[in-house]
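Student: I'm passing along data.cif; it holds mmCIF, C-alpha atoms and all ligand atoms.
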```cif
data_data
#
loop_
_atom_site.label_atom_id
_atom_site.label_comp_id
_atom_site.auth_asym_id
_atom_site.auth_seq_id
_atom_site.Cartn_x
_atom_site.Cartn_y
_atom_site.Cartn_z
CA MET N 229 182.33 12.28 86.66
CA ASN N 230 182.21 14.05 83.26
CA SER N 231 183.54 17.54 83.63
CA VAL N 232 183.80 20.36 81.06
CA LEU N 233 185.73 23.62 81.16
CA ILE N 234 184.41 26.28 78.76
CA ILE N 235 186.71 29.24 78.05
CA GLY N 236 185.03 32.38 76.63
CA ALA N 237 181.72 33.82 77.88
CA GLY N 238 180.81 35.71 74.70
CA ALA N 239 177.89 35.21 72.32
CA ALA N 240 178.69 31.61 71.35
CA GLY N 241 180.39 30.55 74.63
CA SER N 242 177.30 31.47 76.61
CA VAL N 243 175.22 29.17 74.34
CA VAL N 244 177.66 26.31 75.04
CA ALA N 245 177.41 26.87 78.81
CA LYS N 246 173.61 27.11 78.79
CA LYS N 247 173.22 24.01 76.60
CA CYS N 248 175.65 21.99 78.75
CA ALA N 249 173.58 23.04 81.78
CA MET N 250 170.51 21.52 80.03
CA ASN N 251 172.32 18.18 79.58
CA ARG N 252 173.49 17.26 83.07
CA ASP N 253 173.40 13.52 82.32
CA VAL N 254 176.52 14.13 80.19
CA PHE N 255 178.02 17.29 81.70
CA ALA N 256 178.00 16.55 85.42
CA LYS N 257 180.39 19.41 86.26
CA ILE N 258 180.52 22.66 84.25
CA HIS N 259 182.98 25.52 84.72
CA LEU N 260 182.93 28.70 82.61
CA ALA N 261 185.95 31.03 82.61
CA SER N 262 186.56 34.16 80.57
CA ARG N 263 188.56 37.38 80.52
CA THR N 264 185.72 39.37 82.13
CA LEU N 265 184.26 37.72 85.23
CA GLU N 266 181.04 39.80 85.07
CA LYS N 267 180.08 38.15 81.77
CA CYS N 268 180.52 34.70 83.32
CA LEU N 269 178.30 35.74 86.24
CA VAL N 270 175.52 36.83 83.86
CA VAL N 271 175.66 33.47 82.04
CA GLN N 272 175.76 31.62 85.38
CA ARG N 273 172.48 33.32 86.40
CA GLU N 274 170.85 32.36 83.09
CA CYS N 275 171.77 28.65 83.19
CA VAL N 276 168.99 26.24 84.12
CA SER N 277 171.27 24.31 86.49
CA PRO N 278 174.28 25.38 88.60
CA ILE N 279 177.65 26.05 86.97
CA THR N 280 180.82 27.53 88.49
CA VAL N 281 182.70 30.49 86.99
CA SER N 282 186.05 32.28 87.21
CA GLN N 283 188.28 34.81 85.46
CA VAL N 284 191.14 33.77 83.17
CA ASP N 285 193.36 35.43 80.58
CA ALA N 286 193.75 32.62 78.06
CA ASP N 287 196.54 34.43 76.20
CA ASP N 288 198.65 33.20 79.11
CA ALA N 289 199.03 29.39 79.00
CA ALA N 290 200.26 29.40 82.65
CA GLN N 291 196.90 30.82 83.80
CA VAL N 292 195.02 28.19 81.79
CA ILE N 293 197.21 25.44 83.28
CA ARG N 294 196.39 26.65 86.81
CA LEU N 295 192.68 26.77 85.95
CA ILE N 296 192.72 23.24 84.50
CA GLU N 297 194.61 21.94 87.55
CA GLU N 298 191.97 23.48 89.84
CA GLN N 299 188.95 22.32 87.82
CA ARG N 300 190.26 18.97 86.51
CA PRO N 301 188.00 18.88 83.41
CA ASP N 302 187.89 15.95 80.97
CA VAL N 303 187.62 18.34 78.02
CA VAL N 304 188.29 22.04 77.42
CA VAL N 305 185.89 23.77 75.01
CA ASN N 306 187.61 26.86 73.65
CA MET N 307 185.01 29.54 72.86
CA ALA N 308 187.40 32.49 73.23
CA LEU N 309 189.05 33.99 70.15
CA PRO N 310 191.31 32.31 67.57
CA TYR N 311 194.35 34.07 69.13
CA GLN N 312 193.94 31.91 72.24
CA ASP N 313 193.89 28.53 70.44
CA LEU N 314 197.59 27.75 70.84
CA PRO N 315 198.02 28.78 74.50
CA ILE N 316 194.92 26.70 75.37
CA MET N 317 196.20 23.71 73.35
CA ASP N 318 199.57 24.05 75.12
CA ALA N 319 197.81 24.05 78.49
CA CYS N 320 195.82 20.93 77.52
CA LEU N 321 199.05 19.14 76.56
CA THR N 322 200.72 20.09 79.86
CA THR N 323 197.76 18.96 81.97
CA GLY N 324 196.63 15.94 79.89
CA VAL N 325 193.14 17.14 78.86
CA HIS N 326 191.23 16.84 75.55
CA TYR N 327 190.53 20.00 73.50
CA LEU N 328 187.79 21.31 71.18
CA ASP N 329 187.34 24.67 69.39
CA THR N 330 185.25 26.37 66.68
CA ALA N 331 187.80 28.57 64.86
CA ASN N 332 191.37 28.12 63.61
CA TYR N 333 194.35 29.83 65.30
CA GLU N 334 195.11 33.31 63.98
CA PRO N 335 198.32 35.30 64.46
CA ARG N 336 197.29 38.82 65.52
CA ASP N 337 199.29 40.64 62.86
CA GLU N 338 198.05 38.79 59.76
CA ALA N 339 194.66 37.40 58.69
CA LYS N 340 195.45 33.86 57.53
CA PHE N 341 192.52 31.58 58.41
CA SER N 342 194.65 28.46 58.12
CA TYR N 343 194.92 25.25 60.15
CA THR N 344 198.71 25.06 59.62
CA TRP N 345 199.63 26.03 63.17
CA GLN N 346 197.18 23.65 64.82
CA TRP N 347 197.95 20.73 62.48
CA ALA N 348 201.55 21.12 63.65
CA TYR N 349 200.33 19.88 67.09
CA GLN N 350 199.44 16.44 65.61
CA ASP N 351 202.39 14.50 67.04
CA ARG N 352 202.28 16.22 70.43
CA PHE N 353 198.59 15.31 70.95
CA LYS N 354 199.21 11.76 69.65
CA ASP N 355 202.22 11.22 71.90
CA ARG N 356 200.25 12.44 74.94
CA GLY N 357 197.29 10.15 74.08
CA LEU N 358 195.02 13.20 73.76
CA MET N 359 192.44 14.37 71.26
CA ALA N 360 192.07 17.89 69.78
CA VAL N 361 188.93 18.54 67.71
CA LEU N 362 189.16 21.60 65.46
CA GLY N 363 186.35 23.72 64.01
CA CYS N 364 183.23 22.33 65.69
CA GLY N 365 180.83 25.27 65.14
CA PHE N 366 178.46 25.47 62.16
CA ASP N 367 180.86 26.45 59.40
CA PRO N 368 183.39 25.11 60.03
CA GLY N 369 181.61 22.36 61.93
CA VAL N 370 178.18 21.03 61.00
CA ILE N 371 178.79 21.85 57.31
CA SER N 372 182.01 19.80 57.33
CA ILE N 373 180.11 16.98 59.07
CA PHE N 374 177.38 17.16 56.39
CA CYS N 375 180.20 16.54 53.86
CA ALA N 376 181.43 13.50 55.82
CA TYR N 377 177.84 12.23 56.05
CA ALA N 378 177.43 12.67 52.27
CA GLN N 379 180.70 10.86 51.67
CA ASN N 380 179.50 7.89 53.79
CA ASN N 381 175.88 7.73 52.69
CA LEU N 382 175.12 9.58 49.45
CA PHE N 383 178.13 9.33 47.13
CA ASP N 384 180.83 7.00 45.89
CA GLU N 385 182.92 10.08 45.10
CA ILE N 386 182.28 13.79 45.71
CA HIS N 387 183.56 16.13 42.98
CA THR N 388 182.32 19.62 43.89
CA ILE N 389 181.23 21.35 47.10
CA ASP N 390 179.46 24.72 47.37
CA ILE N 391 178.98 25.93 50.93
CA MET N 392 176.19 28.53 51.14
CA ASP N 393 175.77 30.64 54.27
CA CYS N 394 172.82 33.03 54.48
CA ASN N 395 171.81 35.14 57.44
CA ASP N 396 168.43 36.50 56.41
CA GLY N 397 167.94 38.17 59.75
CA SER N 398 167.56 41.76 60.86
CA HIS N 399 168.96 43.02 64.19
CA GLY N 400 167.85 46.61 63.67
CA LYS N 401 171.30 48.15 64.32
CA ALA N 402 172.98 50.50 61.83
CA PHE N 403 176.02 48.20 61.68
CA ALA N 404 176.87 45.15 63.75
CA THR N 405 178.50 41.76 63.22
CA ASN N 406 176.91 38.49 64.30
CA PHE N 407 180.08 37.09 65.80
CA ASN N 408 183.17 38.73 67.20
CA PRO N 409 183.61 41.94 65.11
CA GLU N 410 187.39 41.72 64.92
CA ILE N 411 187.39 38.16 63.56
CA ASN N 412 184.39 38.79 61.29
CA ILE N 413 185.92 41.86 59.64
CA ARG N 414 189.35 40.20 59.28
CA GLU N 415 187.61 37.29 57.53
CA VAL N 416 185.57 39.40 55.14
CA THR N 417 188.27 41.90 54.17
CA GLN N 418 190.98 39.34 53.38
CA ARG N 419 191.51 38.32 49.75
CA GLY N 420 189.03 35.68 48.58
CA LYS N 421 189.97 32.35 47.05
CA TYR N 422 188.46 29.05 45.97
CA TRP N 423 189.95 25.71 45.03
CA LYS N 424 189.64 24.18 41.56
CA ASP N 425 191.51 21.33 39.84
CA GLY N 426 194.24 21.12 42.45
CA GLN N 427 194.99 24.81 42.91
CA TRP N 428 193.79 27.90 44.76
CA ILE N 429 192.38 30.69 42.61
CA GLU N 430 192.68 34.09 44.32
CA ILE N 431 190.23 36.96 43.88
CA ASP N 432 189.99 40.50 45.28
CA PRO N 433 187.90 40.76 48.47
CA LEU N 434 184.13 40.59 47.73
CA SER N 435 184.79 40.95 43.98
CA VAL N 436 182.61 37.98 42.91
CA SER N 437 178.91 37.84 43.77
CA ALA N 438 175.83 35.98 42.52
CA MET N 439 172.19 35.39 43.40
CA ILE N 440 171.84 32.06 45.21
CA GLU N 441 168.61 30.32 46.17
CA TYR N 442 168.57 29.48 49.91
CA PRO N 443 166.20 26.88 51.33
CA GLU N 444 163.15 28.40 53.07
CA VAL N 445 164.54 31.91 52.39
CA GLY N 446 164.75 32.38 48.60
CA PRO N 447 167.31 34.05 46.33
CA ARG N 448 169.86 36.28 48.08
CA LYS N 449 172.96 38.09 46.81
CA SER N 450 175.99 36.09 47.94
CA TYR N 451 179.72 36.77 47.84
CA LEU N 452 182.50 34.30 47.13
CA ILE N 453 184.87 34.42 50.10
CA TYR N 454 187.53 32.13 51.52
CA HIS N 455 186.61 30.07 54.57
CA GLU N 456 188.89 27.84 56.62
CA GLU N 457 186.99 24.55 56.21
CA GLU N 458 187.92 24.57 52.51
CA GLU N 459 191.52 23.93 53.57
CA SER N 460 190.68 20.81 55.57
CA LEU N 461 187.94 19.46 53.27
CA ILE N 462 190.32 19.32 50.28
CA GLU N 463 192.56 17.10 52.45
CA ASN N 464 189.76 14.90 53.77
CA ILE N 465 187.35 14.42 50.84
CA PRO N 466 189.22 12.29 48.29
CA GLY N 467 188.49 13.01 44.62
CA LEU N 468 187.31 16.58 45.23
CA ARG N 469 187.79 18.85 42.18
CA GLN N 470 186.30 22.15 43.35
CA ILE N 471 185.21 23.81 46.58
CA ARG N 472 183.70 27.28 47.01
CA PHE N 473 182.18 29.22 49.91
CA TRP N 474 179.35 31.74 49.48
CA MET N 475 178.07 34.14 52.12
CA THR N 476 175.30 36.76 52.07
CA PHE N 477 175.93 40.33 53.21
CA SER N 478 173.30 43.06 53.13
CA GLU N 479 173.84 46.19 51.04
CA ASN N 480 173.96 48.06 54.33
CA TYR N 481 176.76 45.85 55.72
CA ILE N 482 178.81 46.23 52.52
CA LYS N 483 178.30 50.02 52.50
CA HIS N 484 179.54 50.41 56.10
CA LEU N 485 182.42 48.01 55.55
CA GLU N 486 183.58 49.93 52.48
CA VAL N 487 183.62 53.24 54.33
CA LEU N 488 185.36 51.75 57.37
CA GLN N 489 188.00 50.22 55.09
CA ASN N 490 188.46 53.43 53.13
CA VAL N 491 189.14 55.44 56.26
CA GLY N 492 191.53 52.85 57.68
CA MET N 493 189.36 51.60 60.55
CA THR N 494 189.76 47.92 59.59
CA ARG N 495 193.58 48.00 59.70
CA ILE N 496 195.21 45.38 61.93
CA ASP N 497 198.66 47.00 62.09
CA PRO N 498 199.53 49.34 65.00
CA VAL N 499 198.97 53.09 64.56
CA LEU N 500 200.52 55.69 66.89
CA TYR N 501 197.77 57.86 68.39
CA ASN N 502 198.68 60.49 71.02
CA GLY N 503 201.83 58.52 71.83
CA VAL N 504 199.93 55.23 72.29
CA GLU N 505 199.93 52.36 69.80
CA ILE N 506 196.40 51.27 68.87
CA ILE N 507 195.10 48.73 66.37
CA PRO N 508 192.26 50.49 64.51
CA LEU N 509 190.18 47.27 64.13
CA GLN N 510 190.42 46.57 67.88
CA PHE N 511 189.24 50.11 68.61
CA LEU N 512 186.38 49.68 66.14
CA LYS N 513 185.41 46.41 67.87
CA HIS N 514 185.21 48.35 71.13
CA LEU N 515 182.65 50.74 69.57
CA LEU N 516 180.45 48.15 67.85
CA PRO N 517 177.58 46.26 69.53
CA GLU N 518 178.62 42.99 71.16
CA PRO N 519 177.22 40.03 69.17
CA SER N 520 175.66 38.70 72.39
CA SER N 521 173.62 41.92 72.69
CA LEU N 522 171.81 41.48 69.35
CA ALA N 523 169.38 38.70 70.31
CA GLU N 524 166.51 40.86 71.59
CA ASN N 525 164.13 41.73 68.70
CA TYR N 526 166.31 39.94 66.10
CA THR N 527 163.95 38.71 63.37
CA GLY N 528 164.45 36.35 60.44
CA ARG N 529 166.42 33.17 59.95
CA THR N 530 169.77 31.72 59.03
CA SER N 531 169.80 29.19 56.18
CA ILE N 532 173.14 27.44 55.89
CA GLY N 533 173.82 24.46 53.69
CA VAL N 534 176.05 22.66 51.27
CA VAL N 535 175.47 21.47 47.71
CA LEU N 536 177.54 18.45 46.76
CA ARG N 537 177.91 16.95 43.30
CA GLY N 538 179.50 13.62 42.52
CA ILE N 539 178.99 10.05 41.42
CA LYS N 540 176.80 7.31 42.90
CA GLU N 541 176.80 3.90 41.23
CA GLY N 542 178.20 5.38 38.05
CA ALA N 543 175.62 8.18 37.68
CA PRO N 544 176.09 11.90 38.47
CA VAL N 545 174.02 13.06 41.47
CA SER N 546 173.72 16.28 43.52
CA PHE N 547 172.39 16.82 47.04
CA LEU N 548 171.67 19.81 49.23
CA ILE N 549 172.03 19.37 53.01
CA TYR N 550 170.98 22.30 55.19
CA ASN N 551 169.66 23.76 58.42
CA VAL N 552 167.38 26.74 58.94
CA CYS N 553 167.44 28.47 62.32
CA ASP N 554 165.12 31.24 63.55
CA HIS N 555 166.60 34.16 65.56
CA ALA N 556 163.43 34.73 67.60
CA GLU N 557 163.18 31.04 68.55
CA THR N 558 166.81 30.82 69.70
CA ASN N 559 166.27 34.03 71.67
CA ARG N 560 163.22 32.49 73.35
CA GLU N 561 165.11 29.32 74.21
CA LEU N 562 168.47 30.71 75.32
CA GLY N 563 168.48 34.50 74.96
CA ALA N 564 170.82 34.10 71.98
CA GLN N 565 170.68 35.06 68.29
CA ALA N 566 170.82 32.28 65.70
CA VAL N 567 174.46 32.80 64.63
CA SER N 568 175.73 32.21 68.20
CA TYR N 569 173.20 29.39 68.65
CA THR N 570 174.31 27.58 65.47
CA THR N 571 177.92 27.89 66.70
CA GLY N 572 177.42 26.95 70.35
CA VAL N 573 175.05 23.99 69.95
CA PRO N 574 177.50 22.05 67.70
CA ALA N 575 180.40 22.83 70.06
CA MET N 576 178.40 21.42 72.98
CA THR N 577 177.39 18.40 70.87
CA GLY N 578 181.03 17.76 69.88
CA ALA N 579 182.09 17.86 73.55
CA MET N 580 179.24 15.44 74.29
CA MET N 581 180.52 13.06 71.57
CA MET N 582 183.99 13.17 73.18
CA LEU N 583 182.75 12.62 76.73
CA LYS N 584 180.60 9.69 75.60
CA GLY N 585 183.63 8.18 73.82
CA ILE N 586 181.81 8.27 70.44
CA TRP N 587 184.42 10.67 69.12
CA MET N 588 187.69 9.39 70.50
CA GLY N 589 191.21 9.10 69.15
CA THR N 590 194.65 10.55 69.63
CA GLY N 591 195.95 13.50 67.65
CA VAL N 592 194.44 16.56 66.00
CA PHE N 593 191.18 16.06 64.05
CA ASN N 594 189.03 18.23 61.83
CA VAL N 595 185.41 17.33 62.43
CA GLU N 596 184.86 15.67 59.03
CA GLN N 597 187.36 12.99 60.09
CA LEU N 598 185.06 11.82 62.92
CA PRO N 599 181.89 9.67 62.76
CA PRO N 600 179.19 12.03 61.37
CA GLU N 601 176.00 10.02 61.99
CA PRO N 602 175.86 10.05 65.83
CA PHE N 603 176.79 13.73 65.90
CA LEU N 604 174.09 14.68 63.36
CA GLU N 605 171.46 12.67 65.22
CA GLU N 606 172.34 14.44 68.46
CA VAL N 607 172.69 17.97 67.03
CA ALA N 608 169.17 17.67 65.56
CA ARG N 609 167.84 16.65 69.00
CA GLN N 610 169.64 19.62 70.56
CA GLY N 611 167.92 22.22 68.36
CA LEU N 612 169.51 22.09 64.90
CA PRO N 613 167.39 19.81 62.68
CA TRP N 614 168.86 19.25 59.22
CA HIS N 615 167.47 18.15 55.89
CA VAL N 616 168.73 16.40 52.77
CA ARG N 617 167.21 17.11 49.37
CA ARG N 618 168.09 15.82 45.94
CA PHE N 619 169.25 18.70 43.70
CA ASP N 620 168.15 18.30 40.08
CA ASP N 621 170.58 18.75 37.17
CA ARG N 622 169.15 22.14 36.19
CA GLU N 623 169.58 23.52 39.71
CA PHE N 624 173.13 22.23 39.88
CA GLN N 625 173.95 23.61 36.41
CA GLU N 626 172.74 27.07 37.47
CA LEU N 627 174.87 27.00 40.61
CA ASN N 628 177.94 25.61 38.89
CA GLU N 629 177.86 28.29 36.20
CA LEU N 630 178.17 31.11 38.76
P1 LIG N 701 182.53 37.18 71.38
O1 LIG N 701 183.40 38.34 71.11
O2 LIG N 701 181.10 37.39 71.69
O3 LIG N 701 183.14 36.28 72.55
C1 LIG N 701 184.49 36.03 72.71
C2 LIG N 701 184.72 35.82 74.19
O4 LIG N 701 186.09 35.42 74.38
C3 LIG N 701 184.51 37.10 75.00
O5 LIG N 701 183.73 36.80 76.13
C4 LIG N 701 185.92 37.50 75.39
O6 LIG N 701 186.06 38.15 76.61
C5 LIG N 701 186.60 36.15 75.49
N1 LIG N 701 188.05 36.33 75.39
C6 LIG N 701 188.72 37.11 74.51
N2 LIG N 701 190.03 37.08 74.78
C7 LIG N 701 190.17 36.29 75.86
C8 LIG N 701 191.29 35.89 76.63
N3 LIG N 701 192.53 36.31 76.34
N4 LIG N 701 191.07 35.08 77.68
C9 LIG N 701 189.82 34.66 78.00
N5 LIG N 701 188.73 35.00 77.32
C10 LIG N 701 188.90 35.81 76.26
O7 LIG N 701 182.68 36.23 70.10
P2 LIG N 701 181.74 35.01 69.64
O8 LIG N 701 181.20 34.32 70.83
O9 LIG N 701 180.86 35.51 68.59
O10 LIG N 701 182.83 34.06 68.94
C11 LIG N 701 183.60 33.15 69.72
C12 LIG N 701 184.42 32.27 68.80
O11 LIG N 701 183.54 31.50 67.98
C13 LIG N 701 185.32 33.06 67.84
O12 LIG N 701 186.57 32.41 67.79
C14 LIG N 701 184.63 32.96 66.51
O13 LIG N 701 185.53 33.02 65.43
C15 LIG N 701 184.00 31.56 66.64
N6 LIG N 701 182.86 31.37 65.72
C16 LIG N 701 182.80 30.21 65.00
C17 LIG N 701 181.75 29.99 64.13
C18 LIG N 701 181.61 28.71 63.42
O14 LIG N 701 180.55 28.45 62.84
N7 LIG N 701 182.60 27.85 63.39
C19 LIG N 701 180.70 31.02 63.92
C20 LIG N 701 180.80 32.16 64.80
C21 LIG N 701 181.87 32.33 65.66
P3 LIG N 701 185.60 39.70 76.83
O15 LIG N 701 184.14 39.55 77.02
O16 LIG N 701 186.35 40.13 78.01
O17 LIG N 701 185.96 40.42 75.57
#
```
Take the structure in this file and express it as structure tokens.
Ligand code: NDP

Tutor:
Amino acid sequence: MNSVLIIGAGAAGSVVAKKCAMNRDVFAKIHLASRTLEKCLVVQRECVSPITVSQVDADDAAQVIRLIEEQRPDVVVNMALPYQDLPIMDACLTTGVHYLDTANYEPRDEAKFSYTWQWAYQDRFKDRGLMAVLGCGFDPGVISIFCAYAQNNLFDEIHTIDIMDCNDGSHGKAFATNFNPEINIREVTQRGKYWKDGQWIEIDPLSVSAMIEYPEVGPRKSYLIYHEEEESLIENIPGLRQIRFWMTFSENYIKHLEVLQNVGMTRIDPVLYNGVEIIPLQFLKHLLPEPSSLAENYTGRTSIGVVLRGIKEGAPVSFLIYNVCDHAETNRELGAQAVSYTTGVPAMTGAMMMLKGIWMGTGVFNVEQLPPEPFLEEVARQGLPWHVRRFDDREFQELNEL
């Protein structure tokens, strides 16, 4: 019997649980565990078929081991926070279970966004005959799989990649983040960088911006930031000369972020307050709306894609591959906003690929190393249709000159 254990009942984890519950032919047994039992109970009530739930603190590998021994899953889908990646991977190694996540491990005291720590598990997963799939959300995730698809089907060699992530939605709150606030703000406030001609070029946070044309949305101001899939794609796409990541932020988001930074609220080092050590960013997270609470009345769409340029049969060619996802539609289907939906649906689809044996191997894999076609066929069926369009030379020139 195919059995899945999902850890983390937040915005994206609840999408994974609800989608698994809609695919009982693959996920015969579903268990959802998270730090706060009440959140699991809410998700349990909203699933279309029965799932079981429990409480776990996944910072503690011993608790995860006990949970896995009780539930005996075939795969653990980690939808908690990046801090929990290593304890959950350790628990999978101890109990002999496959692993999948959507975000790289992060040490709490430094924003790194690097796969280094998880790649170091390569031999341990290989020796145990187990598979760990890293970064199976949208970006990283579907975007990386678009690149693998392009490598197989559209190019002889890919030379440049521009990942373009636009949330053109409006949640109506003064300030909120679409996924976990602590991780989102760590990501955006770190120094930016992009990769060109074999080296990383560093820039100050949010110091480079440009207008980018997004499919079905139009031109939107976008900022050059660093994103973790760049690190794995430069390893896995041979011949690559440049990779950049662009993301839209509203004026309002930037204004709030600037003030919060200026007053020290985004700090991740401990501060002594009334004799108690607090991390300002964790306190801020406590005050901000939960990303899972934004779905109601969220309007607009996400438009996330990748432009690739390279060579096919001796001639230069460029393609855009993208998905557009509507907040109101995902709310109607699952009670989720589109950012959690575009994260959770790929994670469920990746777990499905593993349980069906379509994605199988031993060791630690980034998603672009696995067969892209069956995944992309399935993810489209599950609610994330994607499109390929030829980019003409003028369009590419404009983008490349940014
Ligand atoms: P949320 O904050 O909504 O959810 C996180 C959940 O993890 C919460 O339910 C939280 O519990 C739970 N959790 C936290 N610590 C522990 C712990 N020690 N043990 C057990 N459970 C714990 O965040 P999101 O759902 O928005 O994001 C989830 C993950 O998805 C993040 O790692 C994020 O980086 C990643 N992500 C990936 C994307 C991609 O495209 N690849 C895009 C968006 C997100 P509690 O409710 O008690 O706080």

Student: For Leu461 of chain N, please output as JSON, numbers by chain all residues within 9 Å (counting only C-alpha atoms; exclusion window: fewer than 2 positions along the same chain).

Tutor: {"N": [372, 375, 457, 458, 459, 463, 464, 465, 466, 468, 471, 594, 596]}

Student: Could you save those same residues with C-alpha atoms as a short mmCIF file (atom, residue, chain, number, x, y, z; two decimals), in the coordinates of the input?

Tutor:
```cif
data_model
loop_
_atom_site.label_atom_id
_atom_site.label_comp_id
_atom_site.auth_asym_id
_atom_site.auth_seq_id
_atom_site.Cartn_x
_atom_site.Cartn_y
_atom_site.Cartn_z
CA SER N 372 182.01 19.80 57.33
CA CYS N 375 180.20 16.54 53.86
CA GLU N 457 186.99 24.55 56.21
CA GLU N 458 187.92 24.57 52.51
CA GLU N 459 191.52 23.93 53.57
CA GLU N 463 192.56 17.10 52.45
CA ASN N 464 189.76 14.90 53.77
CA ILE N 465 187.35 14.42 50.84
CA PRO N 466 189.22 12.29 48.29
CA LEU N 468 187.31 16.58 45.23
CA ILE N 471 185.21 23.81 46.58
CA ASN N 594 189.03 18.23 61.83
CA GLU N 596 184.86 15.67 59.03
#
```

Student: In Å, with one decimal, what is the gap from atom CA of Glu601 of chain N to atom CA of Ala237 of chain N?

Tutor: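 These two atoms are separated by 29.2 Å.
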
Student: N:Ala556, N:Val416, N:Ala261, N:Val487: which is nearest Thr527 of chain N, counting all atoms listed in the file?

Tutor: N:Ala556

Student: Which polymer residues, protein or nucleic acid, are no farther than 9 Å from (191.8, 34.7, 56.6), counting all atoms listed in the file, as a list in words?

Tutor: Glu334, Glu338, Ala339, Lys340, Phe341, Ser342, Ile411, Arg414, Glu415, Val416, Thr417, Gln418, Arg419, Gly420, Tyr454, His455 and Glu456 of chain N

Student: Create the file for the chosen residues now, containing C-alpha atoms and written as a JSON list (two decimals), in the frame of the given file.

Tutor:
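Output file part.json is given in full below:
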```json
[["chain", "number", "residue", "atom", "x", "y", "z"],
["N", 334, "GLU", "CA", 195.11, 33.31, 63.98],
["N", 338, "GLU", "CA", 198.05, 38.79, 59.76],
["N", 339, "ALA", "CA", 194.66, 37.40, 58.69],
["N", 340, "LYS", "CA", 195.45, 33.86, 57.53],
["N", 341, "PHE", "CA", 192.52, 31.58, 58.41],
["N", 342, "SER", "CA", 194.65, 28.46, 58.12],
["N", 411, "ILE", "CA", 187.39, 38.16, 63.56],
["N", 414, "ARG", "CA", 189.35, 40.20, 59.28],
["N", 415, "GLU", "CA", 187.61, 37.29, 57.53],
["N", 416, "VAL", "CA", 185.57, 39.40, 55.14],
["N", 417, "THR", "CA", 188.27, 41.90, 54.17],
["N", 418, "GLN", "CA", 190.98, 39.34, 53.38],
["N", 419, "ARG", "CA", 191.51, 38.32, 49.75],
["N", 420, "GLY", "CA", 189.03, 35.68, 48.58],
["N", 454, "TYR", "CA", 187.53, 32.13, 51.52],
["N", 455, "HIS", "CA", 186.61, 30.07, 54.57],
["N", 456, "GLU", "CA", 188.89, 27.84, 56.62]]
```

Student: Can you tell me, as a list in words, which residues sit within 8 Å of (172.4, 12.7, 43.1) in the file's frame, using all atoms listed in the file?

Tutor: Leu382, Phe383, Arg537, Gly538, Ile539, Lys540, Ala543, Pro544, Val545, Ser546, Phe547, Arg618, Phe619 and Asp620 of chain N

Student: From the options N:Leu627, N:Ile235, N:Leu583, N:Asn490, which residue's atoms come nearest to Ser450 of chain N, counting only C-alpha atoms?

Tutor: N:Leu627

Student: Would you mind listing what lies within 7 Å of Pro301 of chain N as a PyMOL selection string, with all atoms listed in the file counted and same-chain residues fewer than 6 positions away left out?

Tutor: chain N and resi 231-233

Student: Would you please work out which residue, of N:Ala239, N:Met359, N:Ala319, N:Val504, is nearest to Ile296 of chain N when using only C-alpha atoms?

Tutor: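 Closest to Ile296 of chain N, using only C-alpha atoms: N:Ala319.
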
Student: Of the residues N:Val281, N:Ala348, N:Cys268, N:Leu452, which is the one nearest to ligand LIG 701 (chain N), using all atoms listed in the file?

Tutor: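 Going through N:Val281, N:Ala348, N:Cys268, N:Leu452 one by one, the smallest distance to ligand LIG 701 (chain N) is for N:Cys268.
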
Student: Measure the distance from atom CA of Gly467 of chain N to atom CA of Thr388 of chain N in Å and round it to one decimal.

Tutor: 9.1 Å

Student: How far is it from atom CA of Glu297 of chain N to atom CA of Thr323 of chain N, in Å with one decimal?

Tutor: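 For atom CA of Glu297 of chain N relative to atom CA of Thr323 of chain N, the distance reads 7.1 Å.
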